[in-house]
file query.cif (mmCIF, C-alpha atoms and all ligand atoms)
data_coords
loop_
_atom_site.label_atom_id
_atom_site.label_comp_id
_atom_site.auth_asym_id
_atom_site.auth_seq_id
_atom_site.Cartn_x
_atom_site.Cartn_y
_atom_site.Cartn_z
CA MET A 617 0.00 0.00 0.00
CA PRO A 618 1.48 3.38 -0.90
CA GLY A 619 2.15 5.47 2.17
CA LEU A 620 1.90 9.16 2.85
CA ILE A 621 5.68 9.04 2.41
CA ASP A 622 7.69 6.56 0.37
CA ILE A 623 11.40 7.12 0.03
CA ALA A 624 13.86 4.76 -1.59
CA GLY A 625 17.63 4.86 -1.74
CA LEU A 626 17.73 8.42 -0.51
CA ARG A 627 21.24 9.85 -0.34
CA LYS A 628 22.50 13.24 0.73
CA GLU A 629 26.01 14.42 0.19
CA TYR A 630 27.19 17.84 1.36
CA PRO A 631 30.03 19.03 -0.83
CA MET A 632 32.81 20.33 1.38
CA ARG A 633 36.33 21.44 0.82
CA GLY A 634 38.57 18.49 1.50
CA GLY A 635 35.94 15.85 0.70
CA ALA A 636 32.17 15.52 0.70
CA VAL A 637 30.19 14.58 3.81
CA GLN A 638 27.92 11.58 3.24
CA ALA A 639 25.08 12.57 5.55
CA LEU A 640 22.64 9.90 4.28
CA ARG A 641 23.78 6.75 2.51
CA GLY A 642 20.66 5.24 1.02
CA VAL A 643 17.59 5.40 3.23
CA THR A 644 14.44 3.51 2.30
CA LEU A 645 11.28 3.77 4.32
CA SER A 646 7.53 4.25 4.16
CA VAL A 647 5.33 6.21 6.50
CA GLN A 648 1.59 5.66 6.61
CA ALA A 649 -0.77 8.52 7.24
CA GLY A 650 -1.52 8.76 10.95
CA GLU A 651 1.74 7.25 12.22
CA TYR A 652 3.74 8.59 15.17
CA ILE A 653 7.43 7.94 14.63
CA ALA A 654 10.50 8.73 16.71
CA ILE A 655 13.84 9.02 14.92
CA VAL A 656 16.74 8.21 17.23
CA GLY A 657 20.49 7.99 16.80
CA ALA A 658 23.81 9.51 17.79
CA SER A 659 24.67 13.12 17.11
CA GLY A 660 25.87 13.54 13.53
CA SER A 661 24.21 10.33 12.33
CA GLY A 662 21.98 12.14 9.83
CA LYS A 663 18.68 12.50 11.70
CA SER A 664 18.13 16.18 10.94
CA THR A 665 19.17 15.73 7.33
CA LEU A 666 16.57 12.97 6.97
CA LEU A 667 13.88 15.10 8.61
CA TYR A 668 14.63 18.10 6.37
CA LEU A 669 14.65 15.89 3.29
CA LEU A 670 11.21 14.61 4.31
CA GLY A 671 10.20 18.25 4.83
CA MET A 672 11.43 19.18 1.35
CA LEU A 673 13.80 21.75 2.82
CA VAL A 674 16.81 19.79 1.57
CA THR A 675 17.18 18.27 -1.90
CA PRO A 676 18.48 14.70 -2.04
CA THR A 677 21.64 13.89 -3.99
CA ALA A 678 20.04 10.65 -5.20
CA GLY A 679 17.02 8.47 -4.57
CA GLN A 680 13.25 8.72 -4.82
CA TYR A 681 10.78 10.59 -2.66
CA ARG A 682 7.03 10.19 -3.10
CA PHE A 683 4.75 12.29 -0.92
CA ASP A 684 1.08 11.36 -1.12
CA GLY A 685 1.80 9.69 -4.45
CA LYS A 686 3.59 12.69 -5.95
CA GLU A 687 7.18 12.38 -7.12
CA VAL A 688 8.73 15.27 -5.23
CA GLN A 689 11.76 15.53 -7.55
CA THR A 690 9.57 16.19 -10.57
CA LEU A 691 7.80 19.17 -8.98
CA SER A 692 8.88 22.71 -9.77
CA ASP A 693 10.22 24.84 -6.92
CA VAL A 694 6.88 26.66 -6.73
CA GLU A 695 4.87 23.43 -6.67
CA ARG A 696 7.16 21.97 -4.02
CA SER A 697 6.92 25.09 -1.83
CA ARG A 698 3.15 25.05 -2.13
CA LEU A 699 2.96 21.36 -1.24
CA ARG A 700 5.28 21.92 1.72
CA GLY A 701 3.36 25.00 2.87
CA ARG A 702 0.06 23.19 2.80
CA GLU A 703 0.97 19.72 4.01
CA ILE A 704 3.97 20.01 6.32
CA GLY A 705 4.43 21.84 9.62
CA PHE A 706 7.83 22.19 11.30
CA VAL A 707 8.79 22.42 14.95
CA PHE A 708 12.41 23.05 15.92
CA GLN A 709 14.47 22.62 19.07
CA SER A 710 15.18 26.36 19.25
CA PHE A 711 11.64 27.41 18.23
CA HIS A 712 12.67 29.69 15.32
CA LEU A 713 10.23 32.44 16.21
CA LEU A 714 10.87 35.90 14.81
CA PRO A 715 11.75 38.20 17.74
CA GLN A 716 10.37 41.42 16.24
CA PHE A 717 6.85 40.01 15.86
CA THR A 718 4.19 39.25 18.46
CA VAL A 719 2.93 35.78 19.27
CA LEU A 720 -0.12 36.26 17.06
CA GLU A 721 1.97 37.66 14.20
CA ASN A 722 4.44 34.78 14.44
CA VAL A 723 1.62 32.27 13.99
CA LEU A 724 0.09 34.28 11.15
CA LEU A 725 3.40 34.43 9.30
CA ALA A 726 2.81 30.83 8.27
CA SER A 727 -0.10 31.99 6.10
CA ARG A 728 2.08 34.32 4.04
CA TYR A 729 3.40 31.35 2.14
CA CYS A 730 0.21 29.34 2.05
CA PRO A 731 -3.12 30.84 3.09
CA PRO A 732 -5.39 28.39 4.95
CA ALA A 733 -7.93 27.14 2.46
CA ARG A 734 -11.34 27.70 3.99
CA GLU A 735 -10.83 29.87 6.99
CA ASP A 736 -9.85 33.39 7.88
CA PRO A 737 -6.18 33.01 8.94
CA SER A 738 -6.54 35.38 11.90
CA ARG A 739 -9.48 33.45 13.26
CA ARG A 740 -7.66 30.18 12.90
CA ALA A 741 -4.51 31.61 14.53
CA LEU A 742 -6.56 32.76 17.52
CA GLN A 743 -8.20 29.34 17.82
CA LEU A 744 -4.86 27.57 17.69
CA LEU A 745 -3.31 29.88 20.27
CA GLU A 746 -6.27 29.20 22.52
CA ARG A 747 -5.81 25.49 21.96
CA VAL A 748 -2.16 25.62 23.07
CA GLY A 749 -3.14 27.74 26.09
CA LEU A 750 -1.70 31.09 25.02
CA SER A 751 -4.75 33.30 24.50
CA HIS A 752 -3.40 35.61 27.21
CA ARG A 753 -0.06 36.12 25.41
CA LEU A 754 -1.17 37.24 21.93
CA GLU A 755 0.59 40.60 22.03
CA HIS A 756 3.73 39.39 23.77
CA HIS A 757 7.02 39.07 21.94
CA PRO A 758 9.01 35.82 22.02
CA ALA A 759 11.61 37.25 24.43
CA GLU A 760 8.82 37.70 26.98
CA LEU A 761 7.87 34.02 26.93
CA SER A 762 9.21 30.92 28.63
CA ASN A 763 10.76 28.22 26.45
CA GLY A 764 7.68 26.05 26.82
CA GLU A 765 5.44 28.93 25.72
CA MET A 766 7.68 29.60 22.73
CA GLN A 767 7.38 25.98 21.68
CA ARG A 768 3.59 26.21 21.98
CA VAL A 769 3.63 29.22 19.68
CA ALA A 770 5.79 27.28 17.23
CA ILE A 771 3.32 24.38 17.30
CA ALA A 772 0.39 26.74 16.69
CA ARG A 773 2.33 28.21 13.76
CA ALA A 774 3.03 24.74 12.40
CA LEU A 775 -0.71 23.97 12.53
CA LEU A 776 -1.97 27.11 10.82
CA THR A 777 -2.38 25.57 7.39
CA ASP A 778 -3.75 22.34 8.92
CA PRO A 779 -0.91 20.22 7.48
CA ARG A 780 -1.14 16.45 7.42
CA LEU A 781 2.46 15.98 8.51
CA LEU A 782 4.23 17.46 11.54
CA LEU A 783 8.02 17.24 11.62
CA ALA A 784 9.79 18.06 14.87
CA ASP A 785 13.56 18.21 15.37
CA GLU A 786 14.23 17.60 19.08
CA PRO A 787 11.15 19.61 20.09
CA THR A 788 11.83 19.10 23.80
CA GLY A 789 15.60 19.57 23.61
CA ASN A 790 15.49 23.05 25.19
CA LEU A 791 12.76 22.31 27.71
CA ASP A 792 12.83 21.07 31.29
CA GLU A 793 11.36 17.65 31.92
CA ARG A 794 7.88 18.74 32.93
CA THR A 795 7.48 21.21 30.07
CA GLY A 796 8.93 18.65 27.67
CA ASN A 797 6.31 16.15 28.80
CA GLU A 798 3.56 18.71 28.19
CA ILE A 799 4.81 19.41 24.68
CA THR A 800 5.07 15.68 24.01
CA ALA A 801 1.52 15.17 25.26
CA LEU A 802 0.36 17.90 22.88
CA LEU A 803 2.10 16.24 19.92
CA GLU A 804 0.59 12.88 20.89
CA GLU A 805 -2.85 14.47 21.10
CA LEU A 806 -2.43 15.97 17.62
CA ASN A 807 -1.44 12.54 16.37
CA ARG A 808 -4.57 11.00 17.88
CA GLU A 809 -6.56 13.61 15.98
CA GLY A 810 -5.03 12.35 12.76
CA LYS A 811 -1.78 14.22 12.18
CA THR A 812 1.16 12.17 11.07
CA VAL A 813 4.02 13.04 13.44
CA ILE A 814 7.71 12.37 12.93
CA LEU A 815 10.02 13.63 15.63
CA ILE A 816 13.68 13.38 16.47
CA THR A 817 14.45 12.86 20.11
CA HIS A 818 17.40 12.05 22.35
CA ASN A 819 15.11 11.30 25.23
CA PRO A 820 14.68 7.51 25.60
CA ALA A 821 11.42 7.97 27.53
CA LEU A 822 9.89 9.99 24.70
CA ALA A 823 11.21 7.62 22.05
CA GLY A 824 9.73 4.73 24.02
CA ARG A 825 6.28 6.28 23.86
CA ALA A 826 6.29 6.36 20.05
CA ALA A 827 4.53 3.51 18.29
CA ARG A 828 7.46 3.17 15.90
CA ARG A 829 11.15 4.01 16.24
CA ILE A 830 13.62 4.46 13.43
CA ALA A 831 17.26 4.27 14.46
CA ILE A 832 19.74 6.08 12.23
CA LYS A 833 23.41 5.14 12.28
CA ASP A 834 26.05 6.63 10.01
CA GLY A 835 23.47 7.86 7.53
CA GLN A 836 21.55 4.60 7.30
CA VAL A 837 18.53 3.02 8.95
CA ALA A 838 19.93 0.70 11.59
CA ALA A 839 16.71 -0.75 13.00
N1 LIG B 1 24.65 21.99 5.71
C1 LIG B 1 25.62 21.09 5.93
N2 LIG B 1 26.81 21.17 5.30
C2 LIG B 1 27.76 20.24 5.51
N3 LIG B 1 27.64 19.19 6.31
C3 LIG B 1 26.48 19.05 6.97
C4 LIG B 1 25.41 19.98 6.82
N4 LIG B 1 24.38 19.58 7.60
C5 LIG B 1 24.80 18.45 8.21
N5 LIG B 1 26.05 18.11 7.83
C6 LIG B 1 26.83 16.93 8.27
O1 LIG B 1 26.07 15.79 7.94
C7 LIG B 1 26.13 14.82 9.00
C8 LIG B 1 24.73 14.55 9.53
O2 LIG B 1 24.26 15.75 10.18
P1 LIG B 1 22.82 15.86 10.82
O3 LIG B 1 21.83 15.37 9.85
O4 LIG B 1 22.65 17.25 11.32
O5 LIG B 1 22.92 14.82 12.03
P2 LIG B 1 22.10 14.71 13.39
O6 LIG B 1 20.85 15.51 13.26
O7 LIG B 1 21.85 13.22 13.55
O8 LIG B 1 22.99 15.21 14.47
C9 LIG B 1 27.10 15.40 10.03
O9 LIG B 1 28.37 14.88 9.76
C10 LIG B 1 27.04 16.88 9.76
O10 LIG B 1 28.25 17.50 10.13
MG MG B 2 20.17 17.12 14.38
#

call {"tool": "encode", "arguments": {"input": "query.cif", "output": "structure tokens", "more": "lines below"}}
Ligand SMILES: Nc1ncnc2c1ncn2[C@@H]1O[C@H](COP(=O)(O)OP(=O)(O)O)[C@@H](O)[C@H]1O
Ligand SMILES: [Mg+2]
result
Amino acid sequence: MPGLIDIAGLRKEYPMRGGAVQALRGVTLSVQAGEYIAIVGASGSGKSTLLYLLGMLVTPTAGQYRFDGKEVQTLSDVERSRLRGREIGFVFQSFHLLPQFTVLENVLLASRYCPPAREDPSRRALQLLERVGLSHRLEHHPAELSNGEMQRVAIARALLTDPRLLLADEPTGNLDERTGNEITALLEELNREGKTVILITHNPALAGRAARRIAIKDGQVAA
């Protein structure tokens, strides 16, 4: 059965002076819609590269990538950006909020690249910020928030276009244990509501809660 994601023989080489870095050496895997997957592995093993390839932020050196049946390599840059904007939300370890904008503006920025289809973006942004418990922080700037609050804003931003896939690169890496557990619970709840979630984590407890784990070693799937 074709998955939401099917990749085969995916390689990524970063050209560097003094010899290329082989970040991924032929990764093949399928992800079904609705899965919750933890990617684990040592630092430098290629986890982020794999996640950003899946997120269409990085172009593979070789291999095939089908997203929802579409051959990603055959899309134009515009088509790929549109697909990414509509279907994929990103959450990062260091939040990647823009400091000069308010909480509400940061969430709304996601609609600049891909307006939500049916809804007024402002209304949806307000609903999402309420959902993540930040209705009382709309006019705050990121510097005025705790790390956990910043990650909630980032999750609301990732959800603005109602993407099918959420990609998170060590989303709890800058959070204390309790806040990290809250963010994990939120991601798990979104998965139960139907989002496909793929996250990278160093935390064995979080990885253990995922229904499926993919271990990366030296740019390959180890288990
Ligand atoms: N933009 C880049 N340019 C050159 N080398 C990179 C780049 N990004 C990652 N790498 C290298 O690719 C390998 C895999 O990196 P990465 O995917 O970030 O691993 P991980 O997320 O598992 O720590 C590492 O050796 C890293 O130094
Ligand atoms: Mg990484």

call {"tool": "closest_residue", "arguments": {"input": "query.cif", "among": "A:His818, A:Arg627, A:His757, A:His712", "to": "ligand MG 2 (chain B)", "atoms": "all atoms listed in the file"}}
result
A:His818

call {"tool": "closest_residue", "arguments": {"input": "query.cif", "among": "A:Ser738, A:Ser710, A:Gln680, A:Thr675", "to": "A:Asn722", "atoms": "only C-alpha atoms"}}
result
A:Ser738

call {"tool": "residues_near_ligand", "arguments": {"input": "query.cif", "ligand": "ligand MG 2 (chain B)", "cutoff": "10 Å", "atoms": "all atoms listed in the file", "output": "number ranges by chain"}}
result
A: 656-668, 708-709, 785-786, 816-818

call {"tool": "write_last_selection", "arguments": {"input": "query.cif", "atoms": "C-alpha atoms", "output": "PDB file, in the coordinates of the input"}}
result
ATOM      1  CA  VAL A 656      16.740   8.210  17.230  1.00  0.00           C
ATOM      2  CA  GLY A 657      20.490   7.990  16.800  1.00  0.00           C
ATOM      3  CA  ALA A 658      23.810   9.510  17.790  1.00  0.00           C
ATOM      4  CA  SER A 659      24.670  13.120  17.110  1.00  0.00           C
ATOM      5  CA  GLY A 660      25.870  13.540  13.530  1.00  0.00           C
ATOM      6  CA  SER A 661      24.210  10.330  12.330  1.00  0.00           C
ATOM      7  CA  GLY A 662      21.980  12.140   9.830  1.00  0.00           C
ATOM      8  CA  LYS A 663      18.680  12.500  11.700  1.00  0.00           C
ATOM      9  CA  SER A 664      18.130  16.180  10.940  1.00  0.00           C
ATOM     10  CA  THR A 665      19.170  15.730   7.330  1.00  0.00           C
ATOM     11  CA  LEU A 666      16.570  12.970   6.970  1.00  0.00           C
ATOM     12  CA  LEU A 667      13.880  15.100   8.610  1.00  0.00           C
ATOM     13  CA  TYR A 668      14.630  18.100   6.370  1.00  0.00           C
ATOM     14  CA  PHE A 708      12.410  23.050  15.920  1.00  0.00           C
ATOM     15  CA  GLN A 709      14.470  22.620  19.070  1.00  0.00           C
ATOM     16  CA  ASP A 785      13.560  18.210  15.370  1.00  0.00           C
ATOM     17  CA  GLU A 786      14.230  17.600  19.080  1.00  0.00           C
ATOM     18  CA  ILE A 816      13.680  13.380  16.470  1.00  0.00           C
ATOM     19  CA  THR A 817      14.450  12.860  20.110  1.00  0.00           C
ATOM     20  CA  HIS A 818      17.400  12.050  22.350  1.00  0.00           C
TER      21      HIS A 818
END

call {"tool": "closest_residue", "arguments": {"input": "query.cif", "among": "A:Glu735, A:Gln836, A:Ala649, A:Pro618", "to": "ligand LIG 1 (chain B)", "atoms": "all atoms listed in the file"}}
result
A:Gln836

call {"tool": "axis_aligned_box", "arguments": {"input": "query.cif", "around": "ligand LIG 1 (chain B)", "padding_each_side": "4 Å", "output": "lines of an AutoDock Vina configuration file"}}
result
center_x = 24.6
center_y = 17.6
center_z = 9.9
size_x = 15.5
size_y = 16.8
size_z = 17.2

call {"tool": "decode", "arguments": {"input": "query.cif", "residues": "stretch 631-679 of chain A", "atoms": "N, CA and C atoms", "output": "short mmCIF file (atom, residue, chain, number, x, y, z; two decimals), in the first residue's frame"}}
result
data_model
loop_
_atom_site.label_atom_id
_atom_site.label_comp_id
_atom_site.auth_asym_id
_atom_site.auth_seq_id
_atom_site.Cartn_x
_atom_site.Cartn_y
_atom_site.Cartn_z
N PRO A 631 28.69 18.79 -0.30
CA PRO A 631 30.03 19.03 -0.83
C PRO A 631 30.81 19.94 0.12
N MET A 632 31.99 19.54 0.46
CA MET A 632 32.81 20.33 1.38
C MET A 632 34.22 20.36 0.84
N ARG A 633 34.91 21.43 1.17
CA ARG A 633 36.33 21.44 0.82
C ARG A 633 37.02 20.32 1.55
N GLY A 634 37.85 19.59 0.85
CA GLY A 634 38.57 18.49 1.50
C GLY A 634 37.75 17.22 1.58
N GLY A 635 36.68 17.11 0.75
CA GLY A 635 35.94 15.85 0.70
C GLY A 635 34.51 16.01 1.14
N ALA A 636 33.59 15.38 0.41
CA ALA A 636 32.17 15.52 0.70
C ALA A 636 31.80 14.77 1.97
N VAL A 637 30.77 15.28 2.65
CA VAL A 637 30.19 14.58 3.81
C VAL A 637 29.02 13.75 3.30
N GLN A 638 29.04 12.45 3.59
CA GLN A 638 27.92 11.58 3.24
C GLN A 638 26.97 11.57 4.43
N ALA A 639 25.97 12.44 4.39
CA ALA A 639 25.08 12.57 5.55
C ALA A 639 24.04 11.45 5.57
N LEU A 640 23.55 11.05 4.38
CA LEU A 640 22.64 9.90 4.28
C LEU A 640 23.15 8.99 3.17
N ARG A 641 23.18 7.70 3.45
CA ARG A 641 23.78 6.75 2.51
C ARG A 641 22.77 5.73 2.03
N GLY A 642 21.62 6.19 1.56
CA GLY A 642 20.66 5.24 1.02
C GLY A 642 19.64 4.84 2.05
N VAL A 643 18.64 5.67 2.24
CA VAL A 643 17.59 5.40 3.23
C VAL A 643 16.31 5.05 2.49
N THR A 644 15.70 3.94 2.88
CA THR A 644 14.44 3.51 2.30
C THR A 644 13.44 3.33 3.43
N LEU A 645 12.33 4.01 3.33
CA LEU A 645 11.28 3.77 4.32
C LEU A 645 9.94 4.32 3.85
N SER A 646 8.88 3.78 4.44
CA SER A 646 7.53 4.25 4.16
C SER A 646 6.88 4.68 5.47
N VAL A 647 6.09 5.72 5.35
CA VAL A 647 5.33 6.21 6.50
C VAL A 647 3.87 6.26 6.10
N GLN A 648 3.02 5.61 6.88
CA GLN A 648 1.59 5.66 6.61
C GLN A 648 0.97 6.89 7.27
N ALA A 649 -0.06 7.40 6.64
CA ALA A 649 -0.77 8.52 7.24
C ALA A 649 -1.25 8.13 8.63
N GLY A 650 -1.05 9.01 9.59
CA GLY A 650 -1.52 8.76 10.95
C GLY A 650 -0.48 8.14 11.87
N GLU A 651 0.71 7.84 11.36
CA GLU A 651 1.74 7.25 12.22
C GLU A 651 2.34 8.29 13.16
N TYR A 652 2.96 7.77 14.23
CA TYR A 652 3.74 8.59 15.17
C TYR A 652 5.09 7.92 15.29
N ILE A 653 6.12 8.59 14.78
CA ILE A 653 7.43 7.94 14.63
C ILE A 653 8.50 8.76 15.34
N ALA A 654 9.34 8.08 16.10
CA ALA A 654 10.50 8.73 16.71
C ALA A 654 11.75 8.31 15.95
N ILE A 655 12.54 9.29 15.53
CA ILE A 655 13.84 9.02 14.92
C ILE A 655 14.89 9.20 16.00
N VAL A 656 15.70 8.15 16.19
CA VAL A 656 16.74 8.21 17.23
C VAL A 656 18.09 7.90 16.59
N GLY A 657 19.15 8.27 17.29
CA GLY A 657 20.49 7.99 16.80
C GLY A 657 21.48 8.99 17.35
N ALA A 658 22.76 8.67 17.23
CA ALA A 658 23.81 9.51 17.79
C ALA A 658 23.85 10.86 17.07
N SER A 659 24.46 11.81 17.72
CA SER A 659 24.67 13.12 17.11
C SER A 659 25.53 12.95 15.85
N GLY A 660 25.12 13.62 14.78
CA GLY A 660 25.87 13.54 13.53
C GLY A 660 25.52 12.35 12.66
N SER A 661 24.53 11.54 13.08
CA SER A 661 24.21 10.33 12.33
C SER A 661 23.35 10.61 11.09
N GLY A 662 22.77 11.81 11.01
CA GLY A 662 21.98 12.14 9.83
C GLY A 662 20.50 12.34 10.09
N LYS A 663 20.10 12.39 11.36
CA LYS A 663 18.68 12.50 11.70
C LYS A 663 18.05 13.78 11.14
N SER A 664 18.71 14.91 11.40
CA SER A 664 18.13 16.18 10.94
C SER A 664 18.10 16.23 9.41
N THR A 665 19.15 15.74 8.79
CA THR A 665 19.17 15.73 7.33
C THR A 665 17.99 14.94 6.79
N LEU A 666 17.71 13.78 7.40
CA LEU A 666 16.57 12.97 6.97
C LEU A 666 15.26 13.74 7.17
N LEU A 667 15.12 14.38 8.33
CA LEU A 667 13.88 15.10 8.61
C LEU A 667 13.68 16.25 7.60
N TYR A 668 14.76 16.96 7.29
CA TYR A 668 14.63 18.10 6.37
C TYR A 668 14.45 17.64 4.93
N LEU A 669 14.97 16.47 4.61
CA LEU A 669 14.65 15.89 3.29
C LEU A 669 13.17 15.56 3.22
N LEU A 670 12.65 14.93 4.28
CA LEU A 670 11.21 14.61 4.31
C LEU A 670 10.39 15.89 4.24
N GLY A 671 10.89 16.97 4.83
CA GLY A 671 10.20 18.25 4.83
C GLY A 671 10.44 19.08 3.58
N MET A 672 11.18 18.51 2.65
CA MET A 672 11.43 19.18 1.35
C MET A 672 12.21 20.47 1.53
N LEU A 673 12.95 20.58 2.62
CA LEU A 673 13.80 21.75 2.82
C LEU A 673 15.19 21.49 2.26
N VAL A 674 15.51 20.21 2.08
CA VAL A 674 16.81 19.79 1.57
C VAL A 674 16.54 18.90 0.36
N THR A 675 17.34 19.07 -0.69
CA THR A 675 17.18 18.27 -1.90
C THR A 675 18.12 17.07 -1.85
N PRO A 676 17.60 15.86 -2.10
CA PRO A 676 18.48 14.70 -2.04
C PRO A 676 19.49 14.69 -3.19
N THR A 677 20.63 14.08 -2.95
CA THR A 677 21.64 13.89 -3.99
C THR A 677 21.20 12.77 -4.93
N ALA A 678 20.55 11.75 -4.39
CA ALA A 678 20.04 10.65 -5.20
C ALA A 678 18.91 9.97 -4.46
N GLY A 679 18.10 9.21 -5.19
CA GLY A 679 17.02 8.47 -4.57
C GLY A 679 15.66 9.03 -4.93
#
